[in-house]
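Asks: Input structure: upload39.txt, which contains compact mmCIF, C-alpha atoms.
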```txt
# COMPACT_ATOMS: atom_id res chain seq x y z
CA MET J 155 128.79 157.54 161.99
CA GLY J 156 129.92 155.51 159.00
CA SER J 157 127.27 152.83 159.59
CA ASP J 158 124.56 155.52 159.82
CA THR J 159 125.74 156.98 156.51
CA GLY J 160 125.77 153.54 154.89
CA LEU J 161 122.27 152.82 156.17
CA SER J 162 120.93 156.12 154.89
CA ASP J 163 122.55 155.46 151.51
CA LEU J 164 120.86 152.07 151.32
CA GLU J 165 117.54 153.63 152.30
CA ALA J 166 117.92 156.30 149.62
CA LEU J 167 118.81 153.63 147.04
CA TYR J 168 115.79 151.53 147.98
CA THR J 169 113.49 154.55 147.80
CA HIS J 170 114.91 155.41 144.38
CA ILE J 171 114.32 151.87 143.10
CA ILE J 172 110.69 151.56 144.28
CA THR J 173 109.71 155.03 143.07
CA ARG J 174 111.72 155.24 139.84
CA VAL J 175 112.48 151.70 138.64
CA VAL J 176 110.08 149.07 139.97
CA PRO J 177 107.39 149.56 142.65
CA GLY J 178 107.61 147.76 145.97
CA PRO J 179 106.64 148.01 149.65
CA ARG J 180 107.36 151.32 151.36
CA SER J 181 106.16 150.51 154.88
CA PRO J 182 104.95 147.55 157.00
CA THR J 183 101.34 148.50 156.19
CA TYR J 184 101.99 146.89 152.80
CA LEU J 185 101.42 143.52 154.50
CA ILE J 186 97.96 144.34 155.90
CA PRO J 187 95.94 143.11 152.86
CA PHE J 188 97.97 139.88 152.80
CA LEU J 189 97.31 139.27 156.51
CA LEU J 190 93.60 139.98 156.04
CA PHE J 191 93.47 137.51 153.15
CA TYR J 192 95.18 134.85 155.25
CA VAL J 193 92.97 135.46 158.29
CA ALA J 194 89.83 135.32 156.12
CA LEU J 195 90.58 131.81 154.90
CA CYS J 196 91.52 130.70 158.41
CA VAL J 197 88.01 131.59 159.63
CA PRO J 198 86.10 128.27 159.46
CA PRO J 199 82.81 127.91 157.57
CA TRP J 200 81.01 127.06 160.80
CA THR J 201 81.85 130.59 161.99
CA LEU J 202 81.23 132.57 158.80
CA SER J 203 79.41 131.23 155.74
CA HIS J 204 80.85 131.69 152.28
CA ARG J 205 78.69 134.77 151.65
CA GLN J 206 79.41 136.26 155.07
CA LEU J 207 83.13 135.69 154.54
CA TYR J 208 83.49 137.62 151.29
CA LEU J 209 81.11 140.37 152.40
CA THR J 210 83.21 140.85 155.54
CA PHE J 211 86.77 140.52 154.27
CA LEU J 212 86.83 141.64 150.63
CA PRO J 213 85.84 145.25 151.50
CA LEU J 214 88.53 145.29 154.22
CA ILE J 215 91.20 143.93 151.88
CA TYR J 216 90.33 146.33 149.07
CA ALA J 217 90.00 149.35 151.38
CA SER J 218 93.48 148.71 152.79
CA GLN J 219 94.89 148.25 149.28
CA ILE J 220 93.34 151.50 148.06
CA ARG J 221 94.77 153.32 151.06
CA ILE J 222 98.28 151.92 150.44
CA ALA J 223 98.10 152.57 146.68
CA TRP J 224 96.99 156.14 147.32
CA SER J 225 99.92 156.66 149.67
CA ASP J 226 102.53 154.93 147.46
CA GLY J 227 101.29 156.31 144.16
CA CYS J 228 100.65 152.91 142.55
CA MET J 229 100.30 149.17 143.14
CA ASP J 230 103.00 146.63 142.38
CA VAL J 231 102.59 143.25 140.64
CA ILE J 232 102.23 141.31 143.89
CA SER J 233 99.55 143.64 145.27
CA ILE J 234 97.51 143.56 142.07
CA THR J 235 97.81 139.78 142.00
CA LEU J 236 96.50 139.68 145.57
CA THR J 237 93.50 141.76 144.48
CA PHE J 238 92.42 139.17 141.92
CA TRP J 239 93.53 136.07 143.89
CA SER J 240 91.46 137.14 146.89
CA LEU J 241 88.43 137.60 144.63
CA VAL J 242 88.99 134.08 143.28
CA LEU J 243 89.39 132.30 146.61
CA LEU J 244 86.88 134.30 148.65
CA PHE J 245 84.15 135.01 146.09
CA TRP J 246 84.23 132.84 142.97
CA TRP J 247 85.41 129.66 144.68
CA ASN J 248 84.75 128.17 148.09
CA PRO J 249 87.90 126.22 149.06
CA ARG J 250 86.99 125.90 152.75
CA GLU J 251 84.00 123.66 151.97
CA LYS J 252 84.79 122.10 148.60
CA TRP J 253 88.56 121.72 148.14
CA ALA J 254 91.05 119.12 149.28
CA ARG J 255 94.81 119.21 149.46
CA VAL J 256 96.44 116.05 148.06
CA TRP J 257 100.01 114.74 148.02
CA TRP J 258 102.04 111.58 147.74
CA ALA J 259 102.80 109.99 151.10
CA GLU J 260 105.76 107.82 152.01
CA GLU J 261 105.89 104.29 150.65
CA ASP J 262 103.77 101.61 152.37
CA SER J 263 105.14 98.28 153.50
CA ASP J 264 104.45 96.90 150.03
CA GLY J 265 106.65 99.61 148.47
CA LYS J 266 103.80 101.60 146.93
CA LYS J 267 103.16 105.26 147.52
CA ARG J 268 99.70 106.32 148.56
CA ILE J 269 97.79 109.56 148.04
CA VAL J 270 96.87 111.59 151.12
CA GLU J 271 93.83 113.86 150.89
CA GLU J 272 93.18 116.59 153.44
CA ARG J 273 90.07 118.75 153.49
CA TYR J 274 89.73 121.98 155.46
CA PRO J 275 91.07 121.03 158.92
CA GLU J 276 89.24 121.62 162.17
CA ASN J 277 92.50 121.82 164.10
CA LEU J 278 93.76 125.43 164.06
CA GLY J 279 97.42 124.55 163.58
CA ARG J 280 96.70 122.23 160.65
CA ARG J 281 94.28 124.78 159.23
CA MET J 282 96.86 127.57 159.28
CA LEU J 283 99.32 125.41 157.32
CA TRP J 284 96.54 124.29 154.92
CA VAL J 285 95.59 127.92 154.18
CA LEU J 286 99.20 129.08 153.87
CA THR J 287 99.88 126.32 151.35
CA LEU J 288 96.74 127.30 149.42
CA LEU J 289 97.75 130.96 149.15
CA PHE J 290 101.02 129.97 147.47
CA SER J 291 99.38 127.42 145.15
CA ALA J 292 98.47 129.70 142.27
CA ARG J 293 98.74 126.80 139.78
CA LEU J 294 96.57 124.64 142.11
CA THR J 295 99.31 122.01 142.22
CA GLY J 296 98.32 119.42 144.81
CA TRP J 297 94.68 120.56 145.06
CA LYS J 298 91.41 118.97 144.03
CA VAL J 299 89.01 121.79 143.32
CA GLY J 300 86.10 120.24 141.41
CA ILE J 301 87.49 121.04 137.94
CA GLU J 302 88.09 117.81 136.03
CA SER J 303 90.90 119.20 133.87
CA ASN J 304 92.82 120.10 137.04
CA ASP J 305 91.86 117.27 139.37
CA ARG J 306 92.85 114.41 137.07
CA LYS J 307 96.48 115.61 137.25
CA GLN J 308 96.62 115.78 141.07
CA PRO J 309 98.91 115.02 142.70
CA PRO J 310 101.40 115.38 139.85
CA PRO J 311 104.14 112.81 139.19
CA VAL J 312 107.17 113.32 141.39
CA LEU J 313 110.70 113.63 140.07
CA SER J 314 113.63 112.46 142.15
CA LYS J 315 115.48 115.23 143.98
CA LEU J 316 118.56 114.67 141.85
CA ALA J 317 116.60 114.74 138.58
CA TYR J 318 114.81 117.91 139.62
CA ALA J 319 118.06 119.58 140.72
CA LYS J 320 119.66 118.73 137.36
CA THR J 321 116.67 120.20 135.53
CA VAL J 322 116.80 123.40 137.59
CA VAL J 323 120.56 123.85 137.17
CA TYR J 324 120.42 123.20 133.42
CA THR J 325 117.49 125.59 132.95
CA VAL J 326 119.08 128.34 135.03
CA ILE J 327 122.35 128.04 133.10
CA GLN J 328 120.40 128.16 129.83
CA GLY J 329 118.50 131.26 130.94
CA TYR J 330 121.71 132.89 132.18
CA PHE J 331 123.41 132.33 128.83
CA ILE J 332 120.41 133.73 126.93
CA LEU J 333 120.40 136.85 129.14
CA ASP J 334 124.15 137.28 128.71
CA LEU J 335 123.88 136.89 124.95
CA THR J 336 120.99 139.32 124.52
CA SER J 337 122.61 141.84 126.89
CA CYS J 338 125.75 141.82 124.79
CA TYR J 339 123.66 142.78 121.78
CA VAL J 340 121.57 145.53 123.43
CA PRO J 341 124.31 148.25 123.69
CA THR J 342 124.92 147.93 119.93
CA ASP J 343 121.34 148.89 119.03
CA PRO J 344 120.08 152.39 119.95
CA TYR J 345 116.49 151.15 119.77
CA PHE J 346 116.79 149.76 123.29
CA TYR J 347 117.74 153.05 124.94
CA THR J 348 116.44 155.81 122.64
CA SER J 349 113.06 157.28 123.57
CA GLY J 350 110.61 157.43 120.70
CA MET J 351 112.65 155.31 118.30
CA GLU J 352 110.41 153.07 116.20
CA ILE J 353 111.07 149.36 116.02
CA ASP J 354 111.30 149.36 112.21
CA GLU J 355 113.98 152.05 112.04
CA PRO J 356 117.15 150.82 110.30
CA PHE J 357 120.12 149.53 112.24
CA PRO J 358 123.03 151.95 112.73
CA PRO J 359 126.03 151.50 110.44
CA PRO J 360 128.47 148.92 111.82
CA SER J 361 131.55 150.24 113.58
CA PRO J 362 135.02 148.70 113.16
CA ASP J 363 134.46 146.87 116.47
CA THR J 364 131.10 145.37 115.46
CA SER J 365 131.29 141.58 115.47
CA ASP J 366 130.64 139.58 112.32
CA LEU J 367 127.73 137.85 114.07
CA ILE J 368 125.92 141.13 114.66
CA VAL J 369 126.65 142.25 111.09
CA MET J 370 125.06 139.04 109.80
CA LEU J 371 122.16 139.36 112.22
CA ARG J 372 121.37 142.78 110.81
CA LEU J 373 120.63 141.27 107.44
CA LEU J 374 117.28 140.30 108.99
CA PRO J 375 114.40 142.79 109.41
CA PRO J 376 114.97 145.11 112.41
CA ARG J 377 111.55 144.25 113.89
CA LEU J 378 112.31 140.52 113.87
CA VAL J 379 115.75 140.94 115.44
CA ARG J 380 114.61 143.35 118.13
CA CYS J 381 111.55 141.30 119.03
CA SER J 382 113.72 138.17 119.24
CA ILE J 383 116.12 139.92 121.62
CA LEU J 384 113.21 141.06 123.79
CA ALA J 385 111.59 137.61 123.78
CA GLY J 386 114.90 136.03 124.76
CA GLU J 387 115.33 138.38 127.70
CA ILE J 388 111.79 137.76 128.93
CA TYR J 389 112.19 134.00 128.63
CA GLY J 390 115.56 133.93 130.41
CA SER J 391 114.37 136.24 133.20
CA VAL J 392 111.14 134.36 133.87
CA LYS J 393 112.83 130.97 133.98
CA GLY J 394 115.43 132.20 136.44
CA MET J 395 112.84 134.01 138.56
CA PHE J 396 110.76 130.84 139.01
CA LEU J 397 113.50 128.24 139.34
CA LEU J 398 116.31 129.90 141.32
CA PRO J 399 114.23 130.11 144.55
CA ALA J 400 113.55 126.37 144.25
CA LEU J 401 117.18 125.42 144.90
CA PRO J 402 117.32 126.55 148.59
CA LEU J 403 114.03 124.76 149.32
CA LEU J 404 115.32 121.63 147.62
CA ALA J 405 118.51 121.80 149.71
CA LEU J 406 116.49 122.20 152.92
CA ASN J 407 114.41 119.18 151.92
CA ALA J 408 117.51 117.10 151.24
CA LEU J 409 118.82 118.02 154.71
CA GLY J 410 115.52 117.05 156.31
CA TYR J 411 114.39 120.56 157.24
CA TRP J 412 111.58 120.86 154.67
CA PRO J 413 108.78 118.31 154.17
CA ASP J 414 108.62 116.25 150.98
CA HIS J 415 105.06 117.25 150.07
CA LEU J 416 106.09 120.95 150.04
CA SER J 417 109.40 120.42 148.25
CA PRO J 418 109.84 121.80 144.70
CA HIS J 419 110.66 118.35 143.30
CA THR J 420 106.99 117.44 143.81
CA TRP J 421 105.84 120.32 141.60
CA PRO J 422 105.16 119.98 137.87
CA VAL J 423 107.54 121.75 135.52
CA PHE J 424 106.80 125.43 134.99
CA PHE J 425 106.93 125.33 131.19
CA GLY J 426 105.14 122.86 128.93
CA ASN J 427 106.15 121.30 125.63
CA PHE J 428 107.44 123.82 123.08
CA SER J 429 105.95 121.74 120.25
CA ALA J 430 102.50 122.90 121.41
CA ILE J 431 103.17 126.19 119.58
CA GLY J 432 103.48 124.44 116.22
CA GLU J 433 100.38 122.38 116.96
CA ARG J 434 98.05 125.07 118.33
CA GLY J 435 99.71 128.42 117.66
CA LEU J 436 99.05 131.21 120.16
CA ARG J 437 96.69 128.92 122.06
CA GLY J 438 99.52 126.42 122.47
CA LEU J 439 102.03 129.13 123.38
CA TRP J 440 99.94 130.66 126.17
CA GLY J 441 97.84 127.66 127.16
CA THR J 442 100.45 124.89 127.18
CA TRP J 443 104.04 126.06 126.79
CA TRP J 444 104.16 129.29 128.84
CA HIS J 445 104.33 128.99 132.63
CA GLY J 446 100.67 129.72 133.41
CA MET J 447 101.35 130.88 136.97
CA ASN J 448 98.51 133.40 136.80
CA ARG J 449 96.08 131.30 134.76
CA HIS J 450 93.63 130.56 137.58
CA ILE J 451 94.06 134.03 139.05
CA THR J 452 92.99 135.65 135.78
CA ALA J 453 90.74 133.22 133.88
CA THR J 454 88.53 132.29 136.86
CA HIS J 455 86.65 135.59 136.66
CA GLY J 456 85.52 134.71 133.14
CA ARG J 457 84.60 131.18 134.23
CA GLY J 458 82.60 132.62 137.10
CA VAL J 459 80.66 134.90 134.76
CA ILE J 460 79.75 132.14 132.29
CA ASP J 461 78.81 129.77 135.12
CA THR J 462 76.53 132.44 136.56
CA LEU J 463 74.93 132.96 133.15
CA ASP J 464 74.77 129.19 132.52
CA ILE J 465 76.96 129.40 129.41
CA SER J 466 79.02 126.35 128.49
CA SER J 467 82.79 126.84 128.60
CA LYS J 468 83.00 124.78 125.41
CA SER J 469 80.76 127.17 123.47
CA THR J 470 82.25 129.94 121.35
CA LEU J 471 80.91 132.63 123.68
CA GLY J 472 82.09 130.83 126.82
CA TYR J 473 85.57 130.25 125.42
CA THR J 474 85.80 133.90 124.31
CA VAL J 475 84.85 135.17 127.76
CA ILE J 476 87.45 132.95 129.46
CA VAL J 477 90.25 133.96 127.07
CA ALA J 478 89.33 137.65 127.32
CA SER J 479 89.28 137.40 131.12
CA ALA J 480 92.68 135.67 131.26
CA PHE J 481 94.45 138.29 129.15
CA PHE J 482 92.55 141.31 130.45
CA PHE J 483 93.50 140.60 134.06
CA SER J 484 97.03 139.50 133.07
CA GLY J 485 97.47 142.90 131.47
CA LEU J 486 96.31 144.64 134.64
CA ILE J 487 98.64 142.56 136.81
CA HIS J 488 101.69 143.46 134.74
CA THR J 489 100.93 147.18 134.92
CA GLY J 490 102.36 146.80 138.42
CA MET J 491 105.82 146.75 136.83
CA ILE J 492 105.67 150.53 136.31
CA PRO J 493 106.79 152.72 139.26
CA PRO J 494 104.86 155.81 140.36
CA TYR J 495 107.50 158.27 139.10
CA PRO J 496 109.49 156.61 136.29
CA GLU J 497 112.72 158.22 135.13
CA SER J 498 111.32 159.48 131.86
CA SER J 499 110.31 162.80 130.40
CA PHE J 500 108.98 161.18 127.25
CA LEU J 501 106.04 159.10 128.53
CA SER J 502 103.76 159.31 131.53
CA ALA J 503 103.44 156.38 133.93
CA SER J 504 99.83 155.88 132.77
CA ARG J 505 100.93 155.62 129.13
CA MET J 506 103.59 153.06 130.07
CA ARG J 507 101.05 150.95 131.96
CA LEU J 508 98.73 151.07 128.96
CA CYS J 509 101.56 149.81 126.72
CA ILE J 510 102.29 146.93 129.09
CA ALA J 511 98.63 145.92 129.34
CA GLY J 512 98.16 146.39 125.59
CA PHE J 513 100.57 143.56 124.82
CA PHE J 514 98.43 141.10 126.79
CA TRP J 515 95.14 142.47 125.52
CA GLY J 516 96.51 142.19 122.00
CA GLN J 517 96.70 138.40 122.29
CA VAL J 518 92.90 138.07 122.38
CA PRO J 519 92.19 139.06 118.75
CA GLY J 520 95.13 136.93 117.63
CA ILE J 521 93.68 133.88 119.37
CA GLY J 522 90.28 134.71 117.88
CA ILE J 523 91.67 134.85 114.34
CA GLU J 524 93.59 131.65 114.92
CA THR J 525 90.59 129.79 116.33
CA VAL J 526 88.44 130.67 113.30
CA ILE J 527 91.17 129.55 110.88
CA ALA J 528 91.75 126.32 112.83
CA LYS J 529 88.05 125.46 112.71
CA LEU J 530 87.85 126.15 108.99
CA ALA J 531 90.99 124.07 108.35
CA GLY J 532 89.63 121.21 110.45
CA GLN J 533 86.35 121.33 108.55
CA TYR J 534 87.52 121.79 104.97
CA ALA J 535 91.14 120.55 104.95
CA PRO J 536 91.57 118.08 107.83
CA SER J 537 94.44 116.32 106.08
CA LEU J 538 96.59 119.45 106.44
CA VAL J 539 96.23 119.57 110.24
CA GLY J 540 99.39 118.23 111.89
CA TRP J 541 101.32 118.22 108.61
CA PRO J 542 104.97 119.37 109.15
CA VAL J 543 104.57 122.25 106.70
CA SER J 544 101.39 123.29 108.52
CA LYS J 545 103.27 123.35 111.84
CA PHE J 546 105.98 125.50 110.28
CA LEU J 547 103.35 127.92 108.98
CA VAL J 548 101.80 128.05 112.44
CA PHE J 549 105.22 128.99 113.89
CA VAL J 550 105.49 131.72 111.27
CA TRP J 551 102.03 132.97 112.23
CA VAL J 552 102.91 133.09 115.95
CA THR J 553 106.17 134.89 115.20
CA ALA J 554 104.34 137.45 113.07
CA TRP J 555 101.74 138.13 115.77
CA LEU J 556 104.36 138.51 118.46
CA CYS J 557 106.34 140.86 116.22
CA LEU J 558 103.16 142.93 115.99
CA THR J 559 102.39 143.03 119.73
CA LEU J 560 105.75 142.68 121.53
CA PRO J 561 106.97 146.19 120.53
CA LEU J 562 104.50 147.61 123.04
CA LEU J 563 106.68 146.37 125.91
CA PRO J 564 110.00 148.10 125.14
CA ILE J 565 108.18 151.42 124.83
CA ALA J 566 107.81 151.24 128.61
CA PHE J 567 110.92 149.22 129.46
CA ARG J 568 113.45 151.61 127.92
CA GLU J 569 111.85 154.61 129.65
CA ILE J 570 112.43 152.94 133.02
CA GLY J 571 116.01 152.17 132.07
CA TYR J 572 115.83 148.37 132.06
CA TRP J 573 118.59 148.23 129.44
CA HIS J 574 121.00 150.62 131.09
CA TYR J 575 122.75 147.67 132.72
CA HIS J 576 123.78 144.20 131.66
CA ALA J 577 121.12 141.65 132.67
CA VAL J 578 123.58 139.44 134.60
CA PRO J 579 126.30 140.57 137.01
CA VAL J 580 129.01 138.31 135.57
CA SER J 581 129.24 138.00 131.79
CA MET J 582 130.93 134.93 130.36
CA LEU J 583 130.76 136.33 126.84
CA ARG J 584 132.27 139.70 127.71
CA GLY J 585 134.89 138.05 129.86
CA LEU J 586 135.97 135.69 127.10
CA ALA J 587 136.11 138.65 124.71
CA GLY J 588 138.49 140.46 127.06
CA GLU J 589 135.96 143.16 128.02
CA GLY J 590 135.81 142.27 131.72
CA TRP J 591 133.79 139.71 133.64
CA LEU J 592 131.92 142.02 136.02
CA THR J 593 129.15 144.09 134.46
CA TRP J 594 127.28 145.87 137.25
CA ARG J 595 129.88 148.43 138.25
CA LEU J 596 128.98 151.02 135.62
CA PRO J 597 126.15 151.38 133.09
CA PHE J 598 127.10 151.06 129.47
CA SER J 599 127.65 154.33 127.69
CA ARG J 600 124.66 155.95 126.09
```
Have the structure of the file written as structure tokens, please.

Replies:
Amino acid sequence: MGSDTGLSDLEALYTHIITRVVPGPRSPTYLIPFLLFYVALCVPPWTLSHRQLYLTFLPLIYASQIRIAWSDGCMDVISITLTFWSLVLLFWWNPREKWARVWWAEEDSDGKKRIVEERYPENLGRRMLWVLTLLFSARLTGWKVGIESNDRKQPPPVLSKLAYAKTVVYTVIQGYFILDLTSCYVPTDPYFYTSGMEIDEPFPPPSPDTSDLIVMLRLLPPRLVRCSILAGEIYGSVKGMFLLPALPLLALNALGYWPDHLSPHTWPVFFGNFSAIGERGLRGLWGTWWHGMNRHITATHGRGVIDTLDISSKSTLGYTVIVASAFFFSGLIHTGMIPPYPESSFLSASRMRLCIAGFFWGQVPGIGIETVIAKLAGQYAPSLVGWPVSKFLVFVWVTAWLCLTLPLLPIAFREIGYWHYHAVPVSMLRGLAGEGWLTWRLPFSR
């Protein structure tokens, strides 16, 4: 009787989460589009041509997704990503006939590693593994696809397992500390849990318990402080989300239960060089520094359009179409963060999704402005390009644009209740301050 009650409680909690907090699968039918996608790419080109393949499977995939979305009330991030990824791999590109999987093999007798290249296999077992690897290769790591900018980096340099593990552990600890720090600030600022509060509204008067650090922080403009807190939470969350799952796979590889060419230590780092922001502004932030997991899933549609129209990707029009495609579809993907029935009486789910997408769509005009200024500077003041003061001004520009567009996100996030709980279950900062180490037992007081 007790186990039945516990199970029903867990079921009720799960239902509450996927309908009120963040959408997710509600039944096994959720997997049908994924299975159709996998089966489609396992069908060899000598059975169905490229055209026959997408005409057969894309309608089936999309019909099943529409049916599930209609039943569940919305689509989640993974399902929306599948929608665009299937269009990329089945329609715009033709991996079965044109792509090759590449990886570093074991050392030869002369001590040198060699590159192994595998095209679409005839053997069914090898083909199933080839396709499964492809579906999880959103960054096209380890794939030659006929795009020079991608293929020249394949396969990527390999870190040692120990070096990779150190990088992962350091990055996760860094992200954990950032999340702990920002979460300690959030309960002190009503902006993060008050519906309708504008980002420029003044900070509340400090209480006797307010730390000196927060008092000093509030000497800065409210928009800058609040956007910095939000940016820190996003950065810490994304880093942990990508890198934490790598540790179990790395451990399995070290124990001999996971092959080297599929181990995380053979992947390139998720984030690029932060200095790219000072060198190229928003273009450097999104094109080089940020993780770029969805870049091919979103930008390929624009590339496909300009290729069809015979427009050069290096032309102004071609570049604009690619950038617009990348951010338009990124915005749509992230609307999957909003549940069908969010716990809010202030905003509708549709309005929240529009706010989420608006942040991504808002990067396009910023990149356009920046590109025009960069061309003018390169033409009329080339000596200023790369100058330290110029890089500082570029950082200021990026900060200003993010302070303009980032406030769209918390409009939705606070309605869902993202800030009702501390971001990490164990808080070093709160523990050291004598406020208790565990944070997930009760929400902070509103």

Asks: Hey, can you pull every residue with an atom no more than 12 Å from (102.1, 114.1, 149.6), using all atoms listed in the file, and send it as a VMD selection string?

Replies: chain J and resid 255 to 261 267 to 272 295 to 297 308 to 312 413 to 421

Asks: Between J:Trp591, J:Phe546, J:Trp573, J:Phe245, which one has atoms that come closest to Pro341 (chain J), using all atoms listed in the file?

Replies: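 Comparing J:Trp591, J:Phe546, J:Trp573, J:Phe245 against Pro341 (chain J), the winner is J:Trp573.
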
Asks: Kindly give the distance, in Å, that separates CA of Ser233 (chain J) and CA of Val175 (chain J), rounded to a single decimal.

Replies: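 So the answer is 16.6 Å.
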
Asks: Provide the CA of Ile353 (chain J) to CA of Arg380 (chain J) distance in Å, to one decimal place.

Replies: 7.3 Å

Asks: Counting only C-alpha atoms, I want the residues whose atoms come within 12 Å of (116.8, 135.3, 118.6) in the file frame, returned as a count of residues only.

Replies: 25

Asks: Using all atoms listed in the file, find the one residue out of J:Leu486, J:Leu401, J:Ile476, J:Ile172 that sits nearest to Asp226 (chain J).

Replies: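 That would be J:Ile172, the residue with the smallest distance to Asp226 (chain J).
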
Asks: Could you list, as a list in words, every residue within 10 Å of Ile232 (chain J), counting all atoms listed in the file and ignoring same-chain residues fewer than 6 positions away?

Replies: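 My reading of the contact set: Pro177, Gly178, Pro179, Phe188, Ile487, His488, Gly490 and Met491 of chain J.
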
Asks: Give the answer as one residue: which of J:Thr173, J:Asp366, J:Leu404, J:Phe290 has the shortest atom-to-atom distance to Lys320 (chain J), using only C-alpha atoms?

Replies: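 Counting only C-alpha atoms, the residue closest to Lys320 (chain J) is J:Leu404.
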
Asks: I'd like the interatomic distance between CA of Phe346 (chain J) and CA of Phe567 (chain J), to a tenth of an Å.

Replies: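 One can read the CA of Phe346 (chain J) to CA of Phe567 (chain J) distance as 8.5 Å.
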
Asks: My list of candidates is J:Gly350, J:Pro496, J:Pro579, J:Gly520. Which is closest to Val176 (chain J) when distances are computed with all atoms listed in the file?

Replies: J:Pro496

Asks: Quick one: residues within 10 Å of Ala319 (chain J), all atoms listed in the file counted, chain neighbours fewer than 2 positions away excluded, as a list of chain:residue names?

Replies: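 Listing them by chain and then by number gives J:Leu313, J:Ser314, J:Lys315, J:Leu316, J:Ala317, J:Thr321, J:Val322, J:Val323, J:Tyr324, J:Thr325, J:Leu397, J:Ala400, J:Leu401, J:Leu404, J:Ala405, J:Pro418, J:His419.
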
Asks: From the set J:Leu367, J:Tyr274, J:Lys252, J:Pro375, which residue has the shortest atom-to-atom contact distance to Asp354 (chain J), counting only C-alpha atoms?

Replies: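 Looking only at the distances to Asp354 (chain J), the closest residue turns out to be J:Pro375.
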
Asks: What's around Ala223 (chain J) at 12 Å? Count all atoms listed in the file, leave out sequence neighbours fewer than 3 positions away in its own chain, and write the answer as an NGL selection string.

Replies: :J and (177-181 or 183-184 or 187 or 216-220 or 226-231 or 233-234 or 237 or 490 or 493-494)

Asks: Considering all atoms listed in the file, state which residue in the set J:Gly458, J:Pro542, J:Pro249, J:Pro399 is at the smallest distance from Leu207 (chain J).

Replies: J:Pro249

Asks: Skip Leu212 (chain J) itself and residues of its chain fewer than 3 positions away, then list as number ranges by chain all residues within 8 Å of it, counting all atoms listed in the file.

Replies: J: 208-209, 215-216, 240-241, 244
